[in-house]
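K.L.:
Contents of my_file-v6.tsv (TSV, C-alpha atoms) are given next:
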```tsv
chain	number	residue	atom	x	y	z
A	20	MET	CA	-33.63	47.18	-19.21
A	21	SER	CA	-31.59	44.08	-19.82
A	22	LEU	CA	-30.45	41.82	-17.11
A	23	ALA	CA	-26.93	40.56	-17.36
A	24	PHE	CA	-26.16	37.39	-15.57
A	25	ALA	CA	-22.61	36.79	-14.55
A	26	ARG	CA	-21.39	33.33	-15.35
A	27	HIS	CA	-19.46	31.67	-12.64
A	28	ASN	CA	-17.47	28.74	-13.84
A	29	THR	CA	-16.62	26.73	-10.81
A	30	LEU	CA	-13.91	24.16	-10.89
A	31	PRO	CA	-14.90	20.73	-9.71
A	32	THR	CA	-13.58	19.88	-6.28
A	33	LEU	CA	-12.16	16.58	-5.23
A	34	SER	CA	-13.53	15.16	-2.00
A	35	ARG	CA	-11.29	13.38	0.48
A	36	PHE	CA	-12.90	10.12	-0.63
A	37	GLY	CA	-12.14	10.95	-4.26
A	38	TRP	CA	-8.55	11.74	-3.27
A	39	LEU	CA	-8.31	8.34	-1.54
A	40	MET	CA	-9.58	6.54	-4.65
A	41	GLY	CA	-6.93	8.39	-6.67
A	42	LEU	CA	-4.25	7.18	-4.24
A	43	TYR	CA	-5.50	3.62	-4.65
A	44	SER	CA	-5.14	3.94	-8.42
A	45	GLU	CA	-1.66	5.51	-8.25
A	46	ASN	CA	-0.49	2.84	-5.82
A	47	HIS	CA	-1.77	0.11	-8.15
A	48	THR	CA	0.29	1.55	-10.99
A	49	ARG	CA	3.38	1.83	-8.78
A	50	LEU	CA	3.05	-1.68	-7.31
A	51	GLN	CA	2.41	-3.33	-10.68
A	52	ARG	CA	5.30	-1.48	-12.31
A	53	LEU	CA	7.58	-2.36	-9.40
A	54	PHE	CA	6.81	-6.01	-8.65
A	55	GLU	CA	3.96	-7.13	-10.97
A	56	ALA	CA	2.22	-8.26	-7.78
A	57	GLY	CA	-0.99	-9.24	-9.54
A	58	GLU	CA	0.81	-12.04	-11.36
A	59	LEU	CA	2.62	-13.49	-8.32
A	60	ALA	CA	1.52	-16.90	-7.05
A	61	CYS	CA	0.81	-17.43	-3.35
A	62	GLY	CA	4.04	-17.63	-1.41
A	63	SER	CA	6.91	-15.56	-0.07
A	64	TYR	CA	9.25	-13.40	-2.12
A	65	VAL	CA	12.31	-11.27	-1.36
A	66	SER	CA	13.70	-8.32	-3.29
A	67	SER	CA	17.35	-7.75	-2.50
A	68	ILE	CA	19.57	-5.00	-3.87
A	69	GLY	CA	22.52	-5.61	-1.53
A	70	ASP	CA	21.88	-2.76	0.89
A	71	GLY	CA	20.89	-5.03	3.80
A	72	LEU	CA	17.23	-3.95	3.68
A	73	ASP	CA	15.52	-6.73	1.77
A	74	VAL	CA	11.87	-6.21	0.90
A	75	HIS	CA	9.67	-9.18	1.79
A	76	ILE	CA	6.41	-9.77	-0.07
A	77	ASP	CA	4.05	-12.46	1.12
A	78	VAL	CA	1.21	-13.23	-1.29
A	79	ILE	CA	-1.40	-14.51	1.16
A	80	GLU	CA	-4.39	-15.15	-1.11
A	81	GLN	CA	-4.93	-14.99	-4.84
A	82	HIS	CA	-8.54	-14.68	-6.01
A	83	ALA	CA	-10.09	-14.03	-9.41
A	84	TYR	CA	-10.43	-10.29	-8.82
A	85	THR	CA	-8.23	-9.59	-5.79
A	86	THR	CA	-4.84	-10.41	-4.33
A	87	GLU	CA	-4.06	-10.14	-0.61
A	88	LEU	CA	-0.43	-9.50	0.25
A	89	ARG	CA	1.88	-8.21	2.96
A	90	MET	CA	4.95	-6.11	2.27
A	91	SER	CA	7.71	-5.46	4.80
A	92	TYR	CA	11.43	-5.06	5.30
A	93	GLY	CA	11.57	-8.12	7.52
A	94	LEU	CA	12.82	-6.10	10.49
A	95	VAL	CA	11.25	-7.28	13.75
A	96	ASP	CA	10.12	-4.86	16.47
A	97	PRO	CA	11.85	-6.18	19.62
A	98	HIS	CA	8.95	-5.09	21.86
A	99	THR	CA	6.07	-6.65	19.94
A	100	GLY	CA	7.75	-9.26	17.77
A	101	MET	CA	5.89	-7.86	14.75
A	102	VAL	CA	7.48	-7.05	11.42
A	103	ASP	CA	8.05	-3.28	11.39
A	104	PRO	CA	7.34	-1.49	9.09
A	105	SER	CA	4.81	-3.53	7.19
A	106	ALA	CA	1.71	-3.00	5.11
A	107	ASN	CA	-1.15	-5.37	4.34
A	108	LEU	CA	-2.41	-4.70	0.84
A	109	ARG	CA	-5.46	-5.66	-1.19
A	110	LEU	CA	-4.94	-5.46	-4.93
A	111	TYR	CA	-8.14	-5.13	-6.99
A	112	HIS	CA	-7.40	-6.47	-10.48
A	113	ASP	CA	-10.59	-5.30	-12.20
A	114	ALA	CA	-10.64	-1.81	-10.67
A	115	LYS	CA	-6.84	-1.42	-10.97
A	116	GLN	CA	-6.50	-0.21	-7.39
A	117	VAL	CA	-4.39	-1.14	-4.37
A	118	GLU	CA	-5.67	-0.48	-0.87
A	119	ALA	CA	-3.42	-0.48	2.19
A	120	THR	CA	-5.77	-2.15	4.66
A	121	HIS	CA	-3.32	-2.12	7.59
A	122	CYS	CA	0.04	-0.50	8.15
A	123	TYR	CA	2.24	-1.24	11.10
A	124	ALA	CA	4.93	1.32	11.81
A	125	GLY	CA	5.51	1.05	15.54
A	126	ARG	CA	1.83	1.03	16.49
A	127	ARG	CA	-1.34	-0.84	15.60
A	128	TRP	CA	-4.32	0.95	14.10
A	129	GLN	CA	-6.27	0.60	17.35
A	130	ASP	CA	-3.57	2.58	19.15
A	131	VAL	CA	-3.65	5.27	16.47
A	132	ILE	CA	-7.38	5.88	15.95
A	133	GLY	CA	-9.08	3.99	18.80
A	134	MET	CA	-11.44	1.03	18.80
A	135	TYR	CA	-14.60	2.84	17.66
A	136	PRO	CA	-13.45	5.83	15.61
A	137	PRO	CA	-15.86	8.14	13.79
A	138	PRO	CA	-15.97	7.79	9.98
A	139	GLN	CA	-13.94	10.97	9.40
A	140	ARG	CA	-11.07	9.62	11.51
A	141	ILE	CA	-11.13	6.32	9.59
A	142	LEU	CA	-11.00	8.17	6.27
A	143	ASN	CA	-8.09	10.32	7.49
A	144	HIS	CA	-6.24	7.21	8.69
A	145	ARG	CA	-6.75	5.48	5.33
A	146	LEU	CA	-5.43	8.59	3.56
A	147	ARG	CA	-2.29	8.52	5.72
A	148	MET	CA	-1.74	4.77	5.23
A	149	ASN	CA	-2.11	4.95	1.46
A	150	THR	CA	0.05	8.08	1.20
A	151	PHE	CA	2.70	6.19	3.19
A	152	LEU	CA	2.36	3.25	0.79
A	153	GLY	CA	2.77	5.47	-2.27
A	154	LYS	CA	5.90	7.10	-0.86
A	155	TRP	CA	7.31	3.71	0.16
A	156	LEU	CA	6.74	2.24	-3.32
A	157	GLN	CA	8.34	5.29	-4.92
A	158	TYR	CA	11.34	5.01	-2.58
A	159	LEU	CA	11.76	1.30	-3.37
A	160	ALA	CA	11.74	2.04	-7.09
A	161	GLU	CA	14.34	4.78	-6.65
A	162	GLN	CA	16.55	2.38	-4.67
A	163	GLY	CA	16.48	-0.15	-7.52
A	164	HIS	CA	13.96	-2.73	-6.32
A	165	GLY	CA	11.82	-4.30	-8.99
A	166	VAL	CA	10.81	-7.42	-10.86
A	167	THR	CA	14.43	-8.24	-11.67
A	168	THR	CA	15.45	-8.20	-7.98
A	169	LEU	CA	12.45	-10.23	-6.80
A	170	ARG	CA	13.01	-13.92	-6.04
A	171	GLY	CA	10.90	-16.60	-4.44
A	172	LEU	CA	12.02	-17.10	-0.84
A	173	ASP	CA	13.27	-20.63	-1.59
A	174	ASP	CA	15.33	-19.30	-4.53
A	175	ALA	CA	16.73	-16.46	-2.41
A	176	LEU	CA	17.80	-18.86	0.37
A	177	GLN	CA	19.49	-21.20	-2.09
A	178	LYS	CA	21.53	-18.33	-3.56
A	179	LYS	CA	22.74	-17.30	-0.07
A	180	TYR	CA	24.06	-20.75	0.82
```
Please lay out the structure from this file as structure tokens.

P.N.:
Amino acid sequence: MSLAFARHNTLPTLSRFGWLMGLYSENHTRLQRLFEAGELACGSYVSSIGDGLDVHIDVIEQHAYTTELRMSYGLVDPHTGMVDPSANLRLYHDAKQVEATHCYAGRRWQDVIGMYPPPQRILNHRLRMNTFLGKWLQYLAEQGHGVTTLRGLDDALQKKY
């Protein structure tokens, strides 16, 4: 009597953490294609396409392997005085990834997930922030923002006046 073993080929599954790392990689590609953020010097930049919603990019720190920056529309929330919406980003040059470390869209992260959230809630929040970032970058590209519309803040102010 011969025994026949059924072969079950299972497809590899992607964990939520793996999905997040994929978002980081996609966002790096989008951000680099859009603004070449890894090559920007520390300072403030504005991308204007004439629609009244200028994109502000502040390169906060530039290190050998990372760049810290903030991206926003420059609209101020009248209740908090904070720029809304905005995203703080960490660009990893060697790993070719961009991580949205903080997003502000009407509420701070503490108001969204609490002061001492469990790890699963933190992971879910990071997935939402980085999905938001990817959609925002895609929208900006579709609107016509890019390297050619990006000017240093001093240059942009001189052209206005």

K.L.:
Which is closest to Ala114 (chain A) among A:Thr150, A:Thr85, A:Asn28, A:Ser91, if we use all atoms listed in the file?

P.N.:
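Among the listed residues, the smallest separation from Ala114 (chain A) belongs to A:Thr85.
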
K.L.:
How many Å separate CA of Val117 (chain A) from CA of Gly153 (chain A)?

P.N.:
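Atom-to-atom, CA of Val117 (chain A) and CA of Gly153 (chain A) are spaced 10.0 Å apart.
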
K.L.:
Could you pull out every residue with an atom within 6 Å of (-1.0, -7.0, 3.7), file coordinates, counting all atoms listed in the file, and send them as a tab-separated table (two decimals) with C-alpha atoms, in the frame of the given file?

P.N.:
```tsv
chain	number	residue	atom	x	y	z
A	88	LEU	CA	-0.43	-9.50	0.25
A	89	ARG	CA	1.88	-8.21	2.96
A	106	ALA	CA	1.71	-3.00	5.11
A	107	ASN	CA	-1.15	-5.37	4.34
A	108	LEU	CA	-2.41	-4.70	0.84
```

K.L.:
Find, counting all atoms listed in the file, the residue in A:Val65, A:Ala83, A:Leu42, A:Leu169 that gets nearest to Lys154 (chain A).

P.N.:
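Of A:Val65, A:Ala83, A:Leu42, A:Leu169, the one nearest Lys154 (chain A), counting all atoms listed in the file, is A:Leu42.
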
K.L.:
For Thr168 (chain A), which residue among A:Tyr84, A:Tyr135, A:Tyr92, A:Phe54 is the nearest when counting all atoms listed in the file?

P.N.:
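Closest residue, counting all atoms listed in the file: A:Phe54.
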
K.L.:
Would you mind telling me which residue in A:Gly41, A:Glu55, A:Ile141, A:Thr48 lies nearest to Thr167 (chain A) when using only C-alpha atoms?

P.N.:
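Answer, going by the shortest atom-to-atom distance: A:Glu55.
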
K.L.:
Between CA of Val95 (chain A) and CA of Tyr111 (chain A), what distance in Å does the model show, to one decimal?

P.N.:
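Separation between CA of Val95 (chain A) and CA of Tyr111 (chain A): 28.5 Å.
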
K.L.:
Report, in Å to a single decimal, how far apart CA of Lys115 (chain A) and CA of His144 (chain A) are.

P.N.:
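CA of Lys115 (chain A) lies at a distance of 21.5 Å from CA of His144 (chain A).
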
K.L.:
Using only C-alpha atoms, can you tell me which of A:Leu146, A:Leu50, A:Leu94, A:Ala160 comes closest to Gln116 (chain A)?

P.N.:
A:Leu50

K.L.:
Restricting the calculation to all atoms listed in the file, which member of A:Arg35, A:Ser66, A:Thr29, A:Glu118 is positioned closest to Pro138 (chain A)?

P.N.:
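Distance minimum relative to Pro138 (chain A) lands on A:Arg35.
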
K.L.:
Could all heavy atoms be built for region 44-55 of chain A and written out as a short mmCIF file (atom, residue, chain, number, x, y, z; two decimals), in the frame of the given file?

P.N.:
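To be explicit, this is the file written out as rebuild-v2.cif:
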```cif
data_model
loop_
_atom_site.label_atom_id
_atom_site.label_comp_id
_atom_site.auth_asym_id
_atom_site.auth_seq_id
_atom_site.Cartn_x
_atom_site.Cartn_y
_atom_site.Cartn_z
N SER A 44 -5.48 4.14 -7.01
CA SER A 44 -5.14 3.94 -8.42
C SER A 44 -3.65 4.16 -8.66
O SER A 44 -2.99 3.38 -9.36
CB SER A 44 -5.97 4.88 -9.28
OG SER A 44 -5.67 4.70 -10.63
N GLU A 45 -3.09 5.24 -8.10
CA GLU A 45 -1.66 5.51 -8.25
C GLU A 45 -0.83 4.39 -7.65
O GLU A 45 0.19 3.97 -8.22
CB GLU A 45 -1.30 6.83 -7.58
CG GLU A 45 -1.78 8.05 -8.31
CD GLU A 45 -1.47 9.33 -7.53
OE1 GLU A 45 -0.62 9.30 -6.61
OE2 GLU A 45 -2.08 10.36 -7.86
N ASN A 46 -1.24 3.91 -6.48
CA ASN A 46 -0.49 2.84 -5.82
C ASN A 46 -0.55 1.54 -6.62
O ASN A 46 0.40 0.78 -6.63
CB ASN A 46 -0.98 2.64 -4.39
CG ASN A 46 -0.58 3.80 -3.49
OD1 ASN A 46 0.31 4.58 -3.82
ND2 ASN A 46 -1.24 3.92 -2.35
N HIS A 47 -1.66 1.30 -7.28
CA HIS A 47 -1.77 0.11 -8.15
C HIS A 47 -0.74 0.20 -9.26
O HIS A 47 -0.01 -0.75 -9.53
CB HIS A 47 -3.18 -0.01 -8.73
CG HIS A 47 -3.33 -1.19 -9.64
ND1 HIS A 47 -3.04 -1.12 -10.99
CD2 HIS A 47 -3.73 -2.46 -9.39
CE1 HIS A 47 -3.25 -2.30 -11.53
NE2 HIS A 47 -3.67 -3.13 -10.60
N THR A 48 -0.67 1.35 -9.90
CA THR A 48 0.29 1.55 -10.99
C THR A 48 1.71 1.36 -10.48
O THR A 48 2.51 0.67 -11.11
CB THR A 48 0.12 2.96 -11.61
OG1 THR A 48 -1.22 3.08 -12.09
CG2 THR A 48 1.10 3.19 -12.74
N ARG A 49 2.03 1.95 -9.33
CA ARG A 49 3.38 1.83 -8.78
C ARG A 49 3.72 0.38 -8.42
O ARG A 49 4.81 -0.11 -8.72
CB ARG A 49 3.52 2.70 -7.54
CG ARG A 49 3.64 4.16 -7.83
CD ARG A 49 3.93 4.95 -6.57
NE ARG A 49 4.14 6.34 -6.90
CZ ARG A 49 3.42 7.34 -6.41
NH1 ARG A 49 2.47 7.10 -5.53
NH2 ARG A 49 3.67 8.57 -6.77
N LEU A 50 2.79 -0.30 -7.75
CA LEU A 50 3.05 -1.68 -7.31
C LEU A 50 3.19 -2.62 -8.50
O LEU A 50 4.08 -3.47 -8.53
CB LEU A 50 1.94 -2.16 -6.38
CG LEU A 50 2.13 -3.55 -5.76
CD1 LEU A 50 3.35 -3.57 -4.86
CD2 LEU A 50 0.89 -3.95 -4.98
N GLN A 51 2.34 -2.48 -9.50
CA GLN A 51 2.41 -3.33 -10.68
C GLN A 51 3.70 -3.07 -11.46
O GLN A 51 4.33 -4.01 -11.93
CB GLN A 51 1.19 -3.13 -11.57
CG GLN A 51 -0.05 -3.83 -11.06
CD GLN A 51 0.14 -5.33 -10.98
OE1 GLN A 51 0.41 -5.87 -9.92
NE2 GLN A 51 0.01 -6.00 -12.10
N ARG A 52 4.07 -1.81 -11.59
CA ARG A 52 5.30 -1.48 -12.31
C ARG A 52 6.51 -2.01 -11.55
O ARG A 52 7.47 -2.48 -12.15
CB ARG A 52 5.40 0.04 -12.46
CG ARG A 52 6.53 0.46 -13.39
CD ARG A 52 6.57 1.96 -13.58
NE ARG A 52 5.33 2.41 -14.19
CZ ARG A 52 4.77 3.59 -13.94
NH1 ARG A 52 5.33 4.43 -13.10
NH2 ARG A 52 3.65 3.94 -14.54
N LEU A 53 6.44 -1.96 -10.23
CA LEU A 53 7.58 -2.36 -9.40
C LEU A 53 7.75 -3.87 -9.31
O LEU A 53 8.82 -4.40 -9.58
CB LEU A 53 7.41 -1.75 -8.01
CG LEU A 53 8.60 -1.76 -7.07
CD1 LEU A 53 9.77 -1.00 -7.66
CD2 LEU A 53 8.20 -1.14 -5.74
N PHE A 54 6.68 -4.58 -8.92
CA PHE A 54 6.81 -6.01 -8.65
C PHE A 54 5.85 -6.91 -9.44
O PHE A 54 5.88 -8.11 -9.25
CB PHE A 54 6.58 -6.28 -7.15
CG PHE A 54 7.63 -5.69 -6.27
CD1 PHE A 54 7.29 -4.81 -5.27
CD2 PHE A 54 8.97 -6.02 -6.43
CE1 PHE A 54 8.25 -4.27 -4.43
CE2 PHE A 54 9.95 -5.49 -5.60
CZ PHE A 54 9.59 -4.60 -4.60
N GLU A 55 4.97 -6.34 -10.26
CA GLU A 55 3.96 -7.13 -10.97
C GLU A 55 3.24 -8.06 -10.00
O GLU A 55 3.09 -9.26 -10.23
CB GLU A 55 4.59 -7.92 -12.13
CG GLU A 55 5.15 -7.03 -13.21
CD GLU A 55 5.81 -7.79 -14.34
OE1 GLU A 55 5.85 -9.03 -14.32
OE2 GLU A 55 6.30 -7.11 -15.27
#
```
